[in-house]
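To be precise, the following lines are run37.pdb, and they hold PDB, C-alpha atoms, pLDDT in the B column.
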```pdb
ATOM      1  CA  MET V   1      13.411  -9.698  -4.794  1.00 82.00           C
ATOM      2  CA  ASN V   2      13.628  -8.209  -8.257  1.00 93.00           C
ATOM      3  CA  GLU V   3      11.884  -5.186  -9.767  1.00 95.00           C
ATOM      4  CA  LYS V   4       9.321  -7.333 -11.566  1.00 95.00           C
ATOM      5  CA  ILE V   5       8.118  -8.767  -8.256  1.00 95.00           C
ATOM      6  CA  LYS V   6       8.003  -5.309  -6.663  1.00 95.00           C
ATOM      7  CA  MET V   7       5.943  -4.003  -9.563  1.00 96.00           C
ATOM      8  CA  ARG V   8       3.590  -6.979  -9.311  1.00 96.00           C
ATOM      9  CA  ILE V   9       3.026  -6.257  -5.609  1.00 96.00           C
ATOM     10  CA  LEU V  10       2.331  -2.601  -6.388  1.00 93.00           C
ATOM     11  CA  HIS V  11      -0.063  -3.559  -9.164  1.00 96.00           C
ATOM     12  CA  LEU V  12      -1.991  -5.969  -6.961  1.00 96.00           C
ATOM     13  CA  ILE V  13      -2.292  -3.383  -4.189  1.00 93.00           C
ATOM     14  CA  ASP V  14      -3.482  -0.796  -6.722  1.00 92.00           C
ATOM     15  CA  LEU V  15      -6.175  -3.265  -7.743  1.00 94.00           C
ATOM     16  CA  GLY V  16      -7.281  -3.471  -4.116  1.00 92.00           C
ATOM     17  CA  ALA V  17      -5.651  -6.767  -3.189  1.00 95.00           C
ATOM     18  CA  ARG V  18      -4.718  -7.383   0.421  1.00 94.00           C
ATOM     19  CA  TYR V  19      -2.648 -10.185   1.922  1.00 95.00           C
ATOM     20  CA  GLU V  20      -5.705 -11.609   3.654  1.00 95.00           C
ATOM     21  CA  ASP V  21      -7.846 -11.919   0.529  1.00 96.00           C
ATOM     22  CA  SER V  22      -5.455 -12.382  -2.406  1.00 97.00           C
ATOM     23  CA  SER V  23      -3.864 -15.768  -2.908  1.00 97.00           C
ATOM     24  CA  GLU V  24      -1.463 -14.332  -5.506  1.00 97.00           C
ATOM     25  CA  LEU V  25      -0.265 -11.526  -3.227  1.00 97.00           C
ATOM     26  CA  LYS V  26      -0.005 -13.900  -0.273  1.00 97.00           C
ATOM     27  CA  GLU V  27       2.068 -16.331  -2.327  1.00 97.00           C
ATOM     28  CA  ILE V  28       4.489 -13.608  -3.457  1.00 96.00           C
ATOM     29  CA  ILE V  29       4.903 -12.271   0.076  1.00 96.00           C
ATOM     30  CA  ASP V  30       5.402 -15.721   1.549  1.00 96.00           C
ATOM     31  CA  GLN V  31       8.027 -16.662  -1.070  1.00 95.00           C
ATOM     32  CA  HIS V  32      10.245 -13.578  -0.807  1.00 92.00           C
ATOM     33  CA  SER V  33      11.750 -12.430   2.469  1.00 85.00           C
ATOM     34  CA  ASN V  34      11.786  -8.721   1.598  1.00 94.00           C
ATOM     35  CA  ALA V  35       8.287  -8.727   0.137  1.00 95.00           C
ATOM     36  CA  ARG V  36       6.523  -8.551   3.518  1.00 94.00           C
ATOM     37  CA  GLU V  37       8.531  -5.474   4.490  1.00 95.00           C
ATOM     38  CA  LEU V  38       7.746  -3.831   1.141  1.00 95.00           C
ATOM     39  CA  TYR V  39       4.052  -4.686   1.512  1.00 95.00           C
ATOM     40  CA  GLU V  40       3.853  -3.293   5.047  1.00 94.00           C
ATOM     41  CA  ASN V  41       5.718  -0.126   4.037  1.00 94.00           C
ATOM     42  CA  LEU V  42       3.366   0.430   1.114  1.00 92.00           C
ATOM     43  CA  LEU V  43       0.311   0.037   3.331  1.00 91.00           C
ATOM     44  CA  LYS V  44       1.793   2.439   5.897  1.00 93.00           C
ATOM     45  CA  SER V  45       2.570   4.976   3.156  1.00 91.00           C
ATOM     46  CA  GLU V  46      -0.983   4.698   1.850  1.00 85.00           C
ATOM     47  CA  GLU V  47      -2.314   5.234   5.372  1.00 87.00           C
ATOM     48  CA  ASN V  48      -0.060   8.257   5.905  1.00 83.00           C
ATOM     49  CA  LEU V  49      -1.096   9.842   2.606  1.00 81.00           C
ATOM     50  CA  THR V  50      -4.762   9.275   3.331  1.00 82.00           C
ATOM     51  CA  SER V  51      -4.358  10.824   6.759  1.00 82.00           C
ATOM     52  CA  PHE V  52      -2.405  13.798   5.402  1.00 79.00           C
ATOM     53  CA  TYR V  53      -4.799  14.589   2.585  1.00 77.00           C
ATOM     54  CA  GLY V  54      -7.761  14.026   4.869  1.00 75.00           C
ATOM     55  CA  SER V  55      -6.387  16.633   7.268  1.00 69.00           C
ATOM     56  CA  CYS V  56      -5.736  19.000   4.342  1.00 68.00           C
ATOM     57  CA  LEU V  57      -9.352  18.632   3.260  1.00 60.00           C
ATOM     58  CA  LEU V  58     -10.533  19.377   6.794  1.00 57.00           C
ATOM     59  CA  TYR V  59      -8.310  22.447   6.932  1.00 59.00           C
ATOM     60  CA  THR V  60      -9.596  23.630   3.565  1.00 56.00           C
ATOM     61  CA  SER V  61     -13.242  23.156   4.514  1.00 54.00           C
ATOM     62  CA  ASP V  62     -12.685  24.935   7.855  1.00 52.00           C
ATOM     63  CA  ALA V  63     -11.131  27.900   6.039  1.00 48.00           C
ATOM     64  CA  ALA V  64     -14.031  27.995   3.593  1.00 49.00           C
ATOM     65  CA  ASP V  65     -16.509  28.111   6.478  1.00 49.00           C
ATOM     66  CA  GLU V  66     -14.977  31.325   7.857  1.00 51.00           C
TER      67      GLU V  66
END
```
Just give me the structure as structure tokens.
Amino acid sequence: MNEKIKMRILHLIDLGARYEDSSELKEIIDQHSNARELYENLLKSEENLTSFYGSCLLYTSDAADE
């Protein structure tokens, strides 16, 4: 899988595409063996960042309440 394909996957995810609802993303992932791993890692990273920043926001709002 080349850099152009990786960037296309990133771009599609940034636009809100998911494997289940994007024929273009699904086609790319199905055609390239490493693409599924990249896709899953990107989704996991997004989930981890959301969780981390969500907990930071909770911590910040708790501190502000004191």
Work out how far apart atom CA of Ile5 of chain V and atom CA of Ser51 of chain V are and give it in Å to one decimal.
->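 A separation of 27.7 Å between them.
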For atom CA of Lys6 of chain V and atom CA of Tyr19 of chain V, quote the distance in Å rounded to one decimal.
-> 14.5 Å
Please provide as a PyMOL selection string all residues within 12 Å of segment 45-47 of chain V, with the sequence filter that same-chain residues fewer than 5 positions apart are discarded (counting all atoms listed in the file).
-> chain V and resi 10+13-14+16+38-40+52-54
Minimum-distance residue to Glu3 of chain V, chosen among V:Asp30, V:Lys44, V:Ser22, V:Ala35 (using only C-alpha atoms) =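 Once distances to Glu3 of chain V are computed over only C-alpha atoms, the minimum belongs to V:Ala35.
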Calculate how many Å separate atom CA of Leu49 of chain V from atom CA of Ser23 of chain V, rounding to one decimal.
->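 About the pair atom CA of Leu49 of chain V and atom CA of Ser23 of chain V: they are 26.3 Å apart.
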Minimum-distance residue to Leu42 of chain V, chosen among V:Met1, V:Leu12, V:Asp21, V:Glu27 (using all atoms listed in the file) |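 Ranking V:Met1, V:Leu12, V:Asp21, V:Glu27 by distance to Leu42 of chain V, first place goes to V:Leu12.
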For a cut-off of 6 Å around (-0.7, -10.5, -6.8), file coordinates, pick out all residues using all atoms listed in the file and list them as a PyMOL selection string.
-> chain V and resi 9+12+24-25
